[in-house]
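Trainee: Take this structure first; my questions come after.
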Amino acid sequence: MPPRDNPTVRQARLGSELRKLRDRAGKTAKEAAGLISTDQAKISHIEAGRIGISEDRIRRLATFYACDDEALIEALCEIAREHRGQHWWDAYRGVLAPGFLDIAETEHHAVEFRGLQSVTFPGVLQTRAYAEALFAGHIPPLPDDEVQVRVEHRMKRREIFNRPSPPPFLAIVHEAALRMRVGGRKTARDQLEDLMQASELPWLTLRVIPFTSEDFIEATQTVLYAAGKVPQLDTVHIDTPFGGRFLDAEADLARYRTLLDLAEQASLDPEESRQFIHHIAREL
């Protein structure tokens, strides 16, 4: 098969983790290629996520790299078993940009989330009307059918919380996001009320950073920290005006864990946060 032009975020992650194991072991791509009877170019494609790799070869390489972390090896094999077409977001391939599919894939496979939102609500907690207002405000304007496809995709992302055991989600939202009247008064009020109802569910912990907080001023970044089945597969998603970025270097993961710890410490507790949101909703 020819190399993939656009590997998914999970396919790319499998390759990058294999590269990290090889680098730690001090092995060359030529040595790895010799072990599995292939060439260096194929190893490069594997480590870039452009072509797949079998479970047997993953285990052989792990042994060659002196990796005895069975939980990590099994998690990598699980990624290798995945294939396009088996998940709901694959229906949007070729319809939406790859980044939309990547965030859905990341959320689907995460076991826990922590998020920080500065001026909007987390995507998986948005109402349909709120999401429509956000996408309708895109610059340049999007065609109506494009807006609706994006909204449908965003609504489907909420399905991760319909599982028998939904992944825990700590959502830290700045007061600025609560006061933005996205879509007008009714849409904004309905979004706040929906958020308050969701905050009563056992999987969601909602915390608000008020304007009066003097302990946390880095509220400009939109961050989602998705914990993987093993710590090595943790991922940070940064949303920017120029598109989303996925980070997995340990230095980046540590930096954003610290950022989220500080944000949580500066926020109101869950009950105070609910009362705070209720007060803002009554003002609308």
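Note on naming: chains are A, B, ... as they come in the structure tokens, residues start from 1 per chain, ligands start from 1 in the order shown.
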Fewer than 3 positions away in the same chain doesn't count, so skip those; otherwise give me all residues within 6 Å of segment 223-238 of chain A, counting only C-alpha atoms, as number ranges by chain.

Mentor: A: 110-116, 244-248

Trainee: Taking 5 positions as the minimum chain separation for residues in the same chain, which residues sit within 7 Å of segment 17-27 of chain A when counting only C-alpha atoms? Answer as a tab-separated table (two decimals) with all heavy atoms, in the first residue's frame.

Mentor:
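Output file part-v3.tsv follows:
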```tsv
chain	number	residue	atom	x	y	z
A	47	GLU	N	7.39	5.23	11.49
A	47	GLU	CA	7.56	6.16	12.60
A	47	GLU	C	6.89	7.50	12.35
A	47	GLU	O	6.68	8.28	13.29
A	47	GLU	CB	9.05	6.35	12.89
A	47	GLU	CG	9.70	5.08	13.42
A	47	GLU	CD	11.18	5.22	13.74
A	47	GLU	OE1	11.78	6.25	13.34
A	47	GLU	OE2	11.73	4.31	14.38
A	65	TYR	N	14.18	-3.19	21.52
A	65	TYR	CA	14.45	-1.92	22.18
A	65	TYR	C	14.51	-2.06	23.70
A	65	TYR	O	14.58	-1.05	24.42
A	65	TYR	CB	13.36	-0.90	21.83
A	65	TYR	CG	13.24	-0.57	20.36
A	65	TYR	CD1	12.01	-0.16	19.82
A	65	TYR	CD2	14.32	-0.65	19.49
A	65	TYR	CE1	11.88	0.15	18.47
A	65	TYR	CE2	14.20	-0.35	18.14
A	65	TYR	CZ	12.97	0.05	17.64
A	65	TYR	OH	12.83	0.35	16.30
A	66	ALA	N	14.45	-3.30	24.20
A	66	ALA	CA	14.51	-3.57	25.65
A	66	ALA	C	13.39	-2.90	26.41
A	66	ALA	O	13.56	-2.44	27.54
A	66	ALA	CB	15.87	-3.16	26.22
```

Trainee: Which neighbours of Val173 of chain A fall inside 7 Å, counting only C-alpha atoms, when residues of the same chain fewer than 4 positions from it are skipped, and could you give them as a list in words?

Mentor: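 The filter keeps Leu116, Gln117, Ser118, Ala177, Arg207, Val208 and Ile209 of chain A.
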
Trainee: What is the distance between atom CA of Glu152 of chain A and atom CA of Arg179 of chain A, in Å to one decimal?

Mentor: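 Answer for the atom CA of Glu152 of chain A to atom CA of Arg179 of chain A separation: 24.9 Å.
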
Trainee: Between A:Thr220, A:His109, A:Arg189, A:Tyr256, which is the closest to His279 of chain A once you count only C-alpha atoms?

Mentor: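 Ranked by minimum distance to His279 of chain A, first place goes to A:Arg189.
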